[in-house]
Amino acid sequence: MIGPIILVVGARPNFMKIAPIHAELARRGVNQLLLHTGQHYDENMSKVFFEDLGMPEPDIYLGIGSGSHAEQTAKVMVEFEKVCFEHEPSMVVVVGDVNSTIACSMVAAKLWIPTAHVEAGLRSFDRKMPEEINRILTDTICDLLLTPSPDGDENLLNEGVAPEKIHRVGNIMIDSLMINLERARNCDIHSRLGIEKGNYGVLTLHRPSNVDDKDAFERIITALEAVGKKLSLVLPLHPRTRKQAEKFGLTVRLKSIPNIILTEPAGYLDFVALMASAKLVLTDSGGLQEETTALGIPCITLRENTERPITVTEGTNIVVGNETSTIISTAFEILENGGKVGQIPDLWDGNTAARISDVLISHIKNSN
Ligand code: UD1
């Protein structure tokens with residue numbers, strides 16, 4: 001008997017990547033198990049996404065929780081290994097670049113279980129980012145590397161990966177975006193927050209390089225104080241950011257930014273609705289750079305680099321770092337002139353889950 005395909009989710013940015021793959025495999029009658037490591041566990045960082053994305057409850061929940069990188073990764077490995085012994089999966093599918101991604105792929109690779117990495121090949125070339133370490137290691141040990149864009153293929157080939165392991169399947173986040181955009185547009189988040197569609201900015205902030213460094217955090221707040229005078233800003237506060245603001249004594253300043261609306265972390269539909277009608281998005285997230293490109297909304301990325309360069313070369317993204325004056329001048333330029341007009345990259349078309357399923361199924365068939 002052939003064992004199930006195990007689909008791994010752990011943290012917030014994983015859910016919208018696995019949901020369309022799970023739905024497509026279910027449609028094809030594939031034996032699969034949805035496993036949640038519990039890296040993110042708050043209702044608004046996890047459960048609401050399952051509901052919004054129409055994903056069933058996980059079949060297996062590891063309940064790992066927070067911890068240092070070593071603790072979190074090691075705990076996932078110990079628990080995931082037990083699952084692999086029990087269920088003897090025919091394949092493990094991991095997505096993105098979080099600690100759960102590398103932990104589960106490492107376990108599977110050592111047990112000789114075929115492993116697929118969705119969103120392979122992305123590189124920021126910045127090894128100070130924990131995600132970059134996770135991306136490089138995951139790609140090194142996975143059997144199938146499913147890339148979203150040509151730069152992913154090139155990076156892998158430059159690292160000496162065998163071309164037959166690389167499959168360009170497109171961007172899986174865009175499947176979720178296309179499936180849910182209409183429902184998102186119909187939700188009432190704008191009236192709940194008292195903002196007018198098309199007349200506000202959305203901000204997200206959680207990278208350690210921005211919020212674990214007091215000077216960087218303050219430089220960003222100073223920029224927001226200027227931008228907020230011209231445009232209402234909605235900031236759903238990530239738990240890490242809330243914690244760091246308290247630690248650095250910056251909570252009062254954050255709350256006093258002119259025209260800022262601080263909210264709890266937003267659900268998927270609410271957040272897509274906010275993005276889709278924003279004048280601009282300011283962010284240090286990876287996924288938002290892609291979603292804004294797909295939606296044609298100007299994006300200012302508060303990082304020194306991006307592992308998603310196609311959002312800059314083809315899309316609406318501008319990478320500015322975290323210097324106060326650059327953030328202000330870029331935001332003001334967008335408010336004045338409307339920002340970059342981008343185009344949607346090839347294969348960001350809503351059919352990525354189908355292409356991924358084709359690759360997974362044919363790999364399993366060929367290895368039996
Ligand atoms: C993780 C990912 C990051 C991703 C981000 C999206 C890694 C290395 N980082 O970062 O790539 O962009 O998720 O959100 O995997 N916390 C809660 N409730 C939760 C989860 C976390 O309060 O449900 C708090 C905890 O205090 C925890 C802190 O947030 O210590 C950070 O969580 P963690 O999972 O370590 O990293 P993120 O910053 O969320």
# chains A, B, ... in the order shown; residues from 1 in each chain; ligands from 1
>>> closest_atom_pairs(of="stretch 129-235 of chain A", to="stretch 7-27 of chain A", cutoff="7 Å", atoms="only C-alpha atoms", output="Markdown table")
| residue | atom | partner | partner_atom | distance |
| --- | --- | --- | --- | --- |
| A:Ile172 | CA | A:Lys17 | CA | 5.6 |
| A:Met173 | CA | A:Lys17 | CA | 5.3 |
| A:Asp175 | CA | A:Pro20 | CA | 6.6 |
| A:Ser176 | CA | A:Met16 | CA | 5.9 |
>>> closest_atom_pairs(of="stretch 79-178 of chain A", to="stretch 286-294 of chain A", cutoff="10 Å", atoms="only C-alpha atoms", output="tab-separated table")
residue	atom	partner	partner_atom	distance
A:Gly96	CA	A:Gly287	CA	9.6
A:Asn171	CA	A:Glu290	CA	8.7
A:Met173	CA	A:Glu291	CA	7.5
A:Ile174	CA	A:Glu291	CA	7.0
A:Leu177	CA	A:Glu291	CA	7.5
A:Met178	CA	A:Ala294	CA	9.3
>>> residues_around(residues="stretch 297-314 of chain A", least_positions_apart="6", cutoff="8 Å", atoms="only C-alpha atoms", output="PyMOL selection string")
chain A and resi 122-126+149+151+275-276+278-286+289-290+320-322+327+330-331+334+338-345
>>> residues_around(residues="stretch 191-196 of chain A", least_positions_apart="6", cutoff="12 Å", atoms="only C-alpha atoms", output="mmCIF file with N, CA, C and O atoms, in the first residue's frame")
data_model
loop_
_atom_site.group_PDB
_atom_site.id
_atom_site.type_symbol
_atom_site.label_atom_id
_atom_site.label_comp_id
_atom_site.auth_asym_id
_atom_site.auth_seq_id
_atom_site.Cartn_x
_atom_site.Cartn_y
_atom_site.Cartn_z
ATOM 1 N N VAL A 202 -1.646 50.343 4.105
ATOM 2 C CA VAL A 202 -1.566 49.189 4.994
ATOM 3 C C VAL A 202 -0.104 48.952 5.321
ATOM 4 O O VAL A 202 0.757 49.061 4.440
ATOM 5 N N LEU A 231 -1.765 60.285 5.214
ATOM 6 C CA LEU A 231 -2.544 59.105 4.828
ATOM 7 C C LEU A 231 -2.832 58.259 6.065
ATOM 8 O O LEU A 231 -1.910 57.962 6.834
ATOM 9 N N SER A 232 -4.085 57.847 6.246
ATOM 10 C CA SER A 232 -4.389 56.917 7.356
ATOM 11 C C SER A 232 -3.630 55.625 7.126
ATOM 12 O O SER A 232 -3.517 55.159 5.988
ATOM 13 N N LEU A 233 -3.142 55.035 8.210
ATOM 14 C CA LEU A 233 -2.368 53.796 8.108
ATOM 15 C C LEU A 233 -2.995 52.719 8.981
ATOM 16 O O LEU A 233 -3.274 52.974 10.160
ATOM 17 N N VAL A 234 -3.212 51.543 8.408
ATOM 18 C CA VAL A 234 -3.732 50.414 9.193
ATOM 19 C C VAL A 234 -2.564 49.478 9.484
ATOM 20 O O VAL A 234 -1.872 49.039 8.562
ATOM 21 N N LEU A 235 -2.334 49.197 10.769
ATOM 22 C CA LEU A 235 -1.228 48.315 11.163
ATOM 23 C C LEU A 235 -1.744 47.158 12.020
ATOM 24 O O LEU A 235 -1.955 47.315 13.216
ATOM 25 N N PRO A 236 -1.969 45.992 11.414
ATOM 26 C CA PRO A 236 -2.282 44.813 12.230
ATOM 27 C C PRO A 236 -0.979 44.349 12.890
ATOM 28 O O PRO A 236 -0.010 44.049 12.211
ATOM 29 N N ASN A 259 -3.031 59.387 12.636
ATOM 30 C CA ASN A 259 -3.960 58.609 11.786
ATOM 31 C C ASN A 259 -3.640 57.125 11.692
ATOM 32 O O ASN A 259 -3.934 56.495 10.679
ATOM 33 N N ILE A 260 -3.033 56.570 12.737
ATOM 34 C CA ILE A 260 -2.741 55.133 12.685
ATOM 35 C C ILE A 260 -3.889 54.348 13.321
ATOM 36 O O ILE A 260 -4.482 54.785 14.307
ATOM 37 N N ILE A 261 -4.228 53.233 12.700
ATOM 38 C CA ILE A 261 -5.218 52.318 13.283
ATOM 39 C C ILE A 261 -4.488 51.026 13.596
ATOM 40 O O ILE A 261 -4.083 50.297 12.682
ATOM 41 N N LEU A 262 -4.261 50.774 14.884
ATOM 42 C CA LEU A 262 -3.599 49.530 15.287
ATOM 43 C C LEU A 262 -4.665 48.474 15.514
ATOM 44 O O LEU A 262 -5.656 48.721 16.192
ATOM 45 N N THR A 263 -4.458 47.288 14.909
ATOM 46 C CA THR A 263 -5.425 46.215 15.109
ATOM 47 C C THR A 263 -4.692 44.944 15.522
ATOM 48 O O THR A 263 -3.468 44.860 15.431
ATOM 49 N N GLU A 264 -5.450 43.958 15.926
ATOM 50 C CA GLU A 264 -4.906 42.620 16.142
ATOM 51 C C GLU A 264 -4.484 42.071 14.771
ATOM 52 O O GLU A 264 -4.938 42.576 13.735
ATOM 53 N N ALA A 266 -4.660 40.414 11.371
ATOM 54 C CA ALA A 266 -5.904 40.267 10.595
ATOM 55 C C ALA A 266 -6.023 38.852 10.031
ATOM 56 O O ALA A 266 -5.011 38.188 9.777
ATOM 57 N N ASP A 270 -9.941 39.467 5.566
ATOM 58 C CA ASP A 270 -9.853 40.879 5.954
ATOM 59 C C ASP A 270 -8.581 41.504 5.387
ATOM 60 O O ASP A 270 -8.589 42.619 4.881
ATOM 61 N N ALA A 273 -8.714 42.025 1.658
ATOM 62 C CA ALA A 273 -9.602 43.168 1.391
ATOM 63 C C ALA A 273 -8.874 44.483 1.653
ATOM 64 O O ALA A 273 -8.979 45.434 0.864
ATOM 65 N N LEU A 274 -8.118 44.536 2.735
ATOM 66 C CA LEU A 274 -7.378 45.761 3.058
ATOM 67 C C LEU A 274 -6.342 46.069 1.979
ATOM 68 O O LEU A 274 -6.222 47.208 1.517
ATOM 69 N N SER A 277 -7.697 47.332 -1.656
ATOM 70 C CA SER A 277 -8.221 48.700 -1.820
ATOM 71 C C SER A 277 -7.306 49.747 -1.208
ATOM 72 O O SER A 277 -7.734 50.859 -0.914
ATOM 73 N N ALA A 278 -6.034 49.385 -0.988
ATOM 74 C CA ALA A 278 -5.105 50.335 -0.362
ATOM 75 C C ALA A 278 -4.483 51.252 -1.412
ATOM 76 O O ALA A 278 -4.385 50.898 -2.588
ATOM 77 N N LYS A 279 -4.085 52.439 -0.943
ATOM 78 C CA LYS A 279 -3.344 53.333 -1.831
ATOM 79 C C LYS A 279 -1.910 52.838 -1.948
ATOM 80 O O LYS A 279 -1.296 52.902 -2.991
#
>>> residues_around(residues="A:His40", least_positions_apart="3", cutoff="9 Å", atoms="only C-alpha atoms", output="list in words")
Gly10, Ala11, Arg12, Thr37, Glu43, Met45, Ser46, Gly63, Ile64, Gly65 and Ser66 of chain A
>>> write_last_selection(atoms="C-alpha atoms", output="PDB file, in the first residue's frame")
ATOM      1  CA  GLY A  10       3.493  25.611  10.695  1.00  0.00           C
ATOM      2  CA  ALA A  11       3.365  29.381  10.544  1.00  0.00           C
ATOM      3  CA  ARG A  12       1.002  32.002   9.167  1.00  0.00           C
ATOM      4  CA  THR A  37       3.442  21.796  13.639  1.00  0.00           C
ATOM      5  CA  GLU A  43      -6.267  31.908  16.990  1.00  0.00           C
ATOM      6  CA  MET A  45      -2.239  33.644  13.626  1.00  0.00           C
ATOM      7  CA  SER A  46      -3.577  30.198  12.721  1.00  0.00           C
ATOM      8  CA  GLY A  63       1.654  21.681  19.286  1.00  0.00           C
ATOM      9  CA  ILE A  64       5.286  22.848  19.202  1.00  0.00           C
ATOM     10  CA  GLY A  65       4.767  26.550  20.038  1.00  0.00           C
ATOM     11  CA  SER A  66       7.386  29.274  20.370  1.00  0.00           C
TER      12      SER A  66
END
>>> decode(residues="stretch 272-288 of chain A", atoms="all heavy atoms", output="mmCIF file, in the first residue's frame")
data_model
loop_
_atom_site.group_PDB
_atom_site.id
_atom_site.type_symbol
_atom_site.label_atom_id
_atom_site.label_comp_id
_atom_site.auth_asym_id
_atom_site.auth_seq_id
_atom_site.Cartn_x
_atom_site.Cartn_y
_atom_site.Cartn_z
ATOM 1 N N VAL A 272 -6.677 40.538 2.792
ATOM 2 C CA VAL A 272 -6.715 40.679 1.326
ATOM 3 C C VAL A 272 -7.593 41.879 0.961
ATOM 4 O O VAL A 272 -7.244 42.684 0.085
ATOM 5 C CB VAL A 272 -7.225 39.384 0.656
ATOM 6 C CG1 VAL A 272 -7.539 39.619 -0.821
ATOM 7 C CG2 VAL A 272 -6.180 38.264 0.787
ATOM 8 N N ALA A 273 -8.714 42.025 1.658
ATOM 9 C CA ALA A 273 -9.602 43.168 1.391
ATOM 10 C C ALA A 273 -8.874 44.483 1.653
ATOM 11 O O ALA A 273 -8.979 45.434 0.864
ATOM 12 C CB ALA A 273 -10.852 43.073 2.268
ATOM 13 N N LEU A 274 -8.118 44.536 2.735
ATOM 14 C CA LEU A 274 -7.378 45.761 3.058
ATOM 15 C C LEU A 274 -6.342 46.069 1.979
ATOM 16 O O LEU A 274 -6.222 47.208 1.517
ATOM 17 C CB LEU A 274 -6.673 45.615 4.413
ATOM 18 C CG LEU A 274 -7.558 45.767 5.651
ATOM 19 C CD1 LEU A 274 -6.765 45.438 6.908
ATOM 20 C CD2 LEU A 274 -8.134 47.182 5.738
ATOM 21 N N MET A 275 -5.600 45.042 1.570
ATOM 22 C CA MET A 275 -4.564 45.247 0.548
ATOM 23 C C MET A 275 -5.171 45.698 -0.777
ATOM 24 O O MET A 275 -4.669 46.599 -1.434
ATOM 25 C CB MET A 275 -3.859 43.910 0.294
ATOM 26 C CG MET A 275 -2.511 43.809 0.906
ATOM 27 S SD MET A 275 -1.637 42.337 0.362
ATOM 28 C CE MET A 275 -2.790 41.037 0.490
ATOM 29 N N ALA A 276 -6.252 45.009 -1.166
ATOM 30 C CA ALA A 276 -6.805 45.202 -2.512
ATOM 31 C C ALA A 276 -7.319 46.621 -2.735
ATOM 32 O O ALA A 276 -7.376 47.078 -3.877
ATOM 33 C CB ALA A 276 -7.924 44.188 -2.763
ATOM 34 N N SER A 277 -7.697 47.332 -1.656
ATOM 35 C CA SER A 277 -8.221 48.700 -1.820
ATOM 36 C C SER A 277 -7.306 49.747 -1.208
ATOM 37 O O SER A 277 -7.734 50.859 -0.914
ATOM 38 C CB SER A 277 -9.609 48.814 -1.175
ATOM 39 O OG SER A 277 -10.509 47.949 -1.816
ATOM 40 N N ALA A 278 -6.034 49.385 -0.988
ATOM 41 C CA ALA A 278 -5.105 50.335 -0.362
ATOM 42 C C ALA A 278 -4.483 51.252 -1.412
ATOM 43 O O ALA A 278 -4.385 50.898 -2.588
ATOM 44 C CB ALA A 278 -3.993 49.575 0.360
ATOM 45 N N LYS A 279 -4.085 52.439 -0.943
ATOM 46 C CA LYS A 279 -3.344 53.333 -1.831
ATOM 47 C C LYS A 279 -1.910 52.838 -1.948
ATOM 48 O O LYS A 279 -1.296 52.902 -2.991
ATOM 49 C CB LYS A 279 -3.371 54.749 -1.246
ATOM 50 C CG LYS A 279 -3.062 55.802 -2.243
ATOM 51 C CD LYS A 279 -3.609 57.141 -1.822
ATOM 52 C CE LYS A 279 -4.510 57.689 -2.904
ATOM 53 N NZ LYS A 279 -5.371 58.735 -2.459
ATOM 54 N N LEU A 280 -1.390 52.339 -0.851
ATOM 55 C CA LEU A 280 -0.056 51.736 -0.867
ATOM 56 C C LEU A 280 0.088 50.777 0.306
ATOM 57 O O LEU A 280 -0.661 50.864 1.282
ATOM 58 C CB LEU A 280 1.060 52.790 -0.850
ATOM 59 C CG LEU A 280 1.142 53.783 0.294
ATOM 60 C CD1 LEU A 280 1.933 53.219 1.463
ATOM 61 C CD2 LEU A 280 1.858 55.036 -0.180
ATOM 62 N N VAL A 281 1.064 49.883 0.190
ATOM 63 C CA VAL A 281 1.377 48.930 1.258
ATOM 64 C C VAL A 281 2.831 49.135 1.661
ATOM 65 O O VAL A 281 3.699 49.284 0.789
ATOM 66 C CB VAL A 281 1.143 47.475 0.773
ATOM 67 C CG1 VAL A 281 1.697 46.459 1.763
ATOM 68 C CG2 VAL A 281 -0.344 47.227 0.521
ATOM 69 N N LEU A 282 3.068 49.205 2.962
ATOM 70 C CA LEU A 282 4.452 49.248 3.475
ATOM 71 C C LEU A 282 4.651 47.957 4.258
ATOM 72 O O LEU A 282 3.834 47.635 5.132
ATOM 73 C CB LEU A 282 4.630 50.432 4.432
ATOM 74 C CG LEU A 282 4.528 51.821 3.839
ATOM 75 C CD1 LEU A 282 3.535 52.661 4.627
ATOM 76 C CD2 LEU A 282 5.890 52.495 3.866
ATOM 77 N N THR A 283 5.732 47.233 3.985
ATOM 78 C CA THR A 283 5.839 45.910 4.607
ATOM 79 C C THR A 283 7.263 45.396 4.669
ATOM 80 O O THR A 283 8.121 45.836 3.896
ATOM 81 C CB THR A 283 4.981 44.891 3.813
ATOM 82 O OG1 THR A 283 4.895 43.675 4.556
ATOM 83 C CG2 THR A 283 5.574 44.581 2.444
ATOM 84 N N ASP A 284 7.509 44.466 5.585
ATOM 85 C CA ASP A 284 8.760 43.710 5.530
ATOM 86 C C ASP A 284 8.483 42.227 5.314
ATOM 87 O O ASP A 284 9.353 41.386 5.479
ATOM 88 C CB ASP A 284 9.626 43.955 6.778
ATOM 89 C CG ASP A 284 8.917 43.629 8.077
ATOM 90 O OD1 ASP A 284 7.836 43.001 8.044
ATOM 91 O OD2 ASP A 284 9.450 43.989 9.145
ATOM 92 N N SER A 285 7.248 41.913 4.943
ATOM 93 C CA SER A 285 6.867 40.523 4.684
ATOM 94 C C SER A 285 7.372 40.088 3.310
ATOM 95 O O SER A 285 7.630 40.907 2.434
ATOM 96 C CB SER A 285 5.334 40.423 4.757
ATOM 97 O OG SER A 285 4.844 39.502 3.808
ATOM 98 N N GLY A 286 7.482 38.780 3.108
ATOM 99 C CA GLY A 286 7.826 38.273 1.782
ATOM 100 C C GLY A 286 6.594 38.158 0.909
ATOM 101 O O GLY A 286 6.531 38.690 -0.200
ATOM 102 N N GLY A 287 5.569 37.487 1.438
ATOM 103 C CA GLY A 287 4.367 37.196 0.661
ATOM 104 C C GLY A 287 3.635 38.440 0.177
ATOM 105 O O GLY A 287 3.103 38.462 -0.935
ATOM 106 N N LEU A 288 3.625 39.481 1.008
ATOM 107 C CA LEU A 288 2.897 40.696 0.608
ATOM 108 C C LEU A 288 3.510 41.348 -0.633
ATOM 109 O O LEU A 288 2.806 41.975 -1.429
ATOM 110 C CB LEU A 288 2.880 41.717 1.757
ATOM 111 C CG LEU A 288 1.621 41.716 2.606
ATOM 112 C CD1 LEU A 288 1.444 40.378 3.307
ATOM 113 C CD2 LEU A 288 1.673 42.830 3.622
#
